[in-house]
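Encoded as structure tokens, the structure appears first; notes follow it.
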Amino acid sequence: MKNKTDRVIFTKEMKKTYTILAPMMLPIHFSMLKTLLNDEGYKVELLSNTGPEVIETGLKYVHNDTCYPALLVIGQLINALESGKYDVNKTALIITQTGGGCRASNYIHLLRKALKKAGLAQVPVISLNMSGLESNSGFKITFSMIKKLIAGVTYGDLLMLLNNQVKPYEVKKGSSEHAVNKWITRLCKDFREGRGIKKEEIKENLSAIVDDFNKIKIEKINKVKVGVVGEIYIKYSALGNNNLEDFLASQDCEVMVPGLMSFMLFKVDNRLEDIKLYGGNVIKKRVVTMLLNYFMGLEKCIIEAVKRYDKFLPPTPYPELKKLVDGVIGYGDKMGEGWLLTAEMMELVEEGYSNIVCTQPFGCLPNHICGKGMIRNIREIYPEANIVTIDYDPGATKVNQENRIKLMLAIAREKVKE
């Protein structure tokens with residue numbers, strides 16, 4: 001079925017028989033999101049196909065000047081469709097769409113164009129958005145789903161945070177990963193039964209998760225601490241950053257990657273900044289303020305749960321994170337990751353992760369300004385900051401990227417010796 005814009009609609013009938021393919025970004029978070037959608041009656045699969053063939057497929061159907069994350073996501077989706085594993089007449093694709101000023105808002109249109117070029121124009125593409133950009137009769141985002149999604153982000157952030165802090169030091173290898181998988185299974189079961197969504201239940205689960213990780217025996221040895229920041233997809237996706245976290249682990253590093261909650265807070269807070277800068281509706285301001293406070297309340301639950309044990313380092317509260325960049329970069333700078341990217345680098349240095357890999361798609365203007373462009377300012381405030389920016393694009397070789405990171409790590413190890 002098509003509408004007046006010639007877009008293939010995902011219908012109610014399709015919901016019963018179609019498999020929906022989703023690109024992978026955050027394994028812990030997305031595992032819960034997949035289960036959440038499956039429980040709502042959708043058949044969702046997270047894609048794990050990687051390798052040069054994904055990039056080659058992307059280059060085949062997307063212009064090479066297009067944002068690298070778009071090329072990878074579209075390449076991964078079409079590569080899966082062309083693999084023969086799926087019935088292309090019973091398969092749909094899903095992709096997020098923010099509606100912001102970043103080129104990411106146009107990924108969905110690039111994907112449809114690529115599908116047509118590949119002879120797969122019959123495949124429906126579902127827009128996962130909260131902005132009312134597109135709708136499909138067979139895919140509805142309900143209030144219950146949104147509550148579960150927000151709870152999933154909260155749990156996912158804590159599991160990722162604790163896993164990163166425990167895994168490098170665990171005495172029994174695999175203990176941290178076992179705890180992560182155990183809690184993903186338990187939380188998905190809770191969601192299915194309508195539990196773990198209320199704030200009181202979330203607080204209780206967060207405390208129990210921290211208690212579990214505290215029981216894992218660790219041996220604290222001197223390791224180089226490395227923070228990872230950058231464009232959201234490249235920062236989190238192993239496909240996008242050439243398995244950066246695994247590489248850093250192989251170099252005997254402890255890795256810290258900021259969670260998704262701060263990005264969500266940043267996106268909501270931007271609406272308030274718009275009102276401050278340009279004026280706006282009073283009712284909208286109240287609604288956005290309520291949502292911001294709700295997110296900050298959940299972030300506070302994470303921080304309080306982590307703070308119960310001195311061995312764990314909690315994230316910086318969003319108001320303090322925002323205050324870090326006051327006078328350094330303007331709050332109106334909000335395209336892509338905007339000022340948040342600068343703030344996360346400053347946060348990492350303050351928390352002891354002064355060695356930072358700033359991941360950026362080649363040609364991503366917001367990242368080059370708020371990431372690479374702010375390094376001198378950051379070093380003036382924090383002389384110990386050891387930051388390397390790594391460009392990711394189809395022409396960048398993994399060897400060259402890793403050599404640049406190794407150079408940064410060599411400097412870091414010298415500082416550790418001192």
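Labeling convention for the structure tokens: chains A, B, ... as they appear, residues from 1 per chain, ligands from 1 in order of appearance.
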Exercise. Quick one: DSSP strand (DSSP E) residues in range 299-406 of chain A, as JSON, numbers by chain?
Worked result: {"A": [355, 356, 357, 358, 359, 360, 361, 386, 387, 388, 389, 390, 391, 392]}
Include C-alpha atoms and write out the residues we just selected as a short mmCIF file (atom, residue, chain, number, x, y, z; two decimals), in the first residue's frame.
data_model
loop_
_atom_site.label_atom_id
_atom_site.label_comp_id
_atom_site.auth_asym_id
_atom_site.auth_seq_id
_atom_site.Cartn_x
_atom_site.Cartn_y
_atom_site.Cartn_z
CA ASN A 355 42.71 10.36 27.51
CA ILE A 356 39.88 10.79 25.01
CA VAL A 357 39.06 9.41 21.59
CA CYS A 358 36.70 11.80 19.78
CA THR A 359 35.02 9.78 17.04
CA GLN A 360 33.57 11.67 14.10
CA PRO A 361 32.27 10.90 10.61
CA ASN A 386 45.10 14.06 25.92
CA ILE A 387 42.59 14.08 23.05
CA VAL A 388 42.78 12.46 19.63
CA THR A 389 40.13 12.96 16.94
CA ILE A 390 39.54 10.02 14.62
CA ASP A 391 37.72 10.39 11.30
CA TYR A 392 35.60 7.46 10.15
#
Exercise. Neighbours of Glu337 in chain A within 9 Å (only C-alpha atoms; same-chain residues fewer than 2 positions away dropped), as a list in words?
Worked result: Gly230, Glu231, Ile232, Phe263, Phe266, Lys267, Asp333, Lys334, Met335, Trp339, Leu340, Leu341, Thr342, Pro366, Asn367 and Cys370 of chain A
Preceding selection exported with C-alpha atoms as a compact mmCIF listing (two decimals), in the first residue's frame:
# COMPACT_ATOMS: atom_id res chain seq x y z
CA GLY A 230 31.63 11.80 19.33
CA GLU A 231 28.74 11.54 16.89
CA ILE A 232 26.11 9.31 18.48
CA PHE A 263 21.78 12.93 25.13
CA PHE A 266 20.18 17.52 25.94
CA LYS A 267 17.55 17.07 23.22
CA ASP A 333 25.03 25.37 19.55
CA LYS A 334 22.81 22.31 19.39
CA MET A 335 23.00 20.66 15.96
CA TRP A 339 27.63 21.65 23.13
CA LEU A 340 27.03 18.28 24.82
CA LEU A 341 30.03 16.86 22.96
CA THR A 342 32.28 19.54 24.47
CA PRO A 366 28.80 19.77 14.24
CA ASN A 367 31.47 17.29 15.39
CA CYS A 370 32.07 21.09 18.93
Exercise. Ala305 in chain A: which residues within 9 Å, counting only C-alpha atoms, same-chain residues fewer than 4 positions away excluded, as a list in words?
Worked result: Lys203, Glu204, Leu206, Ser207, Ala208, Ile209, Val210, Asp211, Lys300, Cys301, Tyr309 and Pro314 of chain A
Problem set entry | Residue set, range 295-412 of chain A restricted to alpha helix (DSSP H), as a PyMOL selection string | chain A and resi 295-307+318-324+338-350+365-370+375-381+398-412
Could you write out the selected residues, including C-alpha atoms, as a CSV table (one decimal), in the first residue's frame?
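The resulting result.csv:
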chain,number,residue,atom,x,y,z
A,295,PHE,CA,14.4,12.6,32.9
A,296,MET,CA,16.6,14.3,35.5
A,297,GLY,CA,14.7,12.4,38.2
A,298,LEU,CA,15.7,9.1,36.5
A,299,GLU,CA,19.2,10.2,36.1
A,300,LYS,CA,19.3,11.0,39.8
A,301,CYS,CA,18.1,7.5,40.5
A,302,ILE,CA,21.1,6.1,38.6
A,303,ILE,CA,23.5,8.4,40.4
A,304,GLU,CA,22.2,7.6,43.8
A,305,ALA,CA,22.3,3.8,43.2
A,306,VAL,CA,25.9,4.0,42.0
A,307,LYS,CA,27.1,6.3,44.8
A,318,TYR,CA,23.0,17.0,33.8
A,319,PRO,CA,22.8,20.5,35.4
A,320,GLU,CA,26.5,20.2,36.4
A,321,LEU,CA,27.4,18.8,33.0
A,322,LYS,CA,25.7,21.8,31.3
A,323,LYS,CA,27.5,24.2,33.7
A,324,LEU,CA,30.9,22.9,32.6
A,338,GLY,CA,26.2,20.3,19.9
A,339,TRP,CA,27.6,21.7,23.1
A,340,LEU,CA,27.0,18.3,24.8
A,341,LEU,CA,30.0,16.9,23.0
A,342,THR,CA,32.3,19.5,24.5
A,343,ALA,CA,30.7,19.0,27.9
A,344,GLU,CA,31.3,15.2,27.8
A,345,MET,CA,35.0,15.7,27.0
A,346,MET,CA,35.3,18.1,30.0
A,347,GLU,CA,33.3,15.7,32.2
A,348,LEU,CA,35.6,12.8,31.3
A,349,VAL,CA,38.8,14.8,32.1
A,350,GLU,CA,37.3,15.9,35.5
A,365,LEU,CA,30.3,19.8,10.7
A,366,PRO,CA,28.8,19.8,14.2
A,367,ASN,CA,31.5,17.3,15.4
A,368,HIS,CA,34.3,19.2,13.8
A,369,ILE,CA,33.2,22.4,15.5
A,370,CYS,CA,32.1,21.1,18.9
A,375,ILE,CA,40.2,20.9,21.9
A,376,ARG,CA,42.4,24.0,22.3
A,377,ASN,CA,39.8,25.6,24.7
A,378,ILE,CA,39.6,22.4,26.7
A,379,ARG,CA,43.3,22.1,27.0
A,380,GLU,CA,43.5,25.7,28.2
A,381,ILE,CA,41.2,24.7,31.1
A,398,LYS,CA,41.5,0.7,10.4
A,399,VAL,CA,45.3,0.5,10.7
A,400,ASN,CA,45.8,4.2,10.4
A,401,GLN,CA,43.0,4.9,12.9
A,402,GLU,CA,44.5,2.4,15.4
A,403,ASN,CA,48.0,3.8,15.0
A,404,ARG,CA,46.8,7.3,15.8
A,405,ILE,CA,45.0,5.9,18.9
A,406,LYS,CA,48.2,4.0,19.9
A,407,LEU,CA,50.2,7.3,19.7
A,408,MET,CA,47.7,8.9,22.1
A,409,LEU,CA,48.0,5.8,24.4
A,410,ALA,CA,51.8,6.0,24.4
A,411,ILE,CA,51.5,9.5,25.7
A,412,ALA,CA,49.0,8.3,28.3
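Residues with any atom within 8 Å of Lys148 in chain A, counting only C-alpha atoms and excluding same-chain neighbours fewer than 6 positions away, are Leu36, Phe191 and Ile197 of chain A.
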For this session: Tell me, as a list in words, which residues lie within 8 Å of range 154-158 of chain A, counting only C-alpha atoms; anything in the same chain fewer than 2 positions away does not count.
Result: Ile28, His29, Ile150, Ala151, Gly152, Met160, Leu161, Leu162, Leu206, Gly259, Leu260, Met261, Leu298, Glu299 and Ile302 of chain A
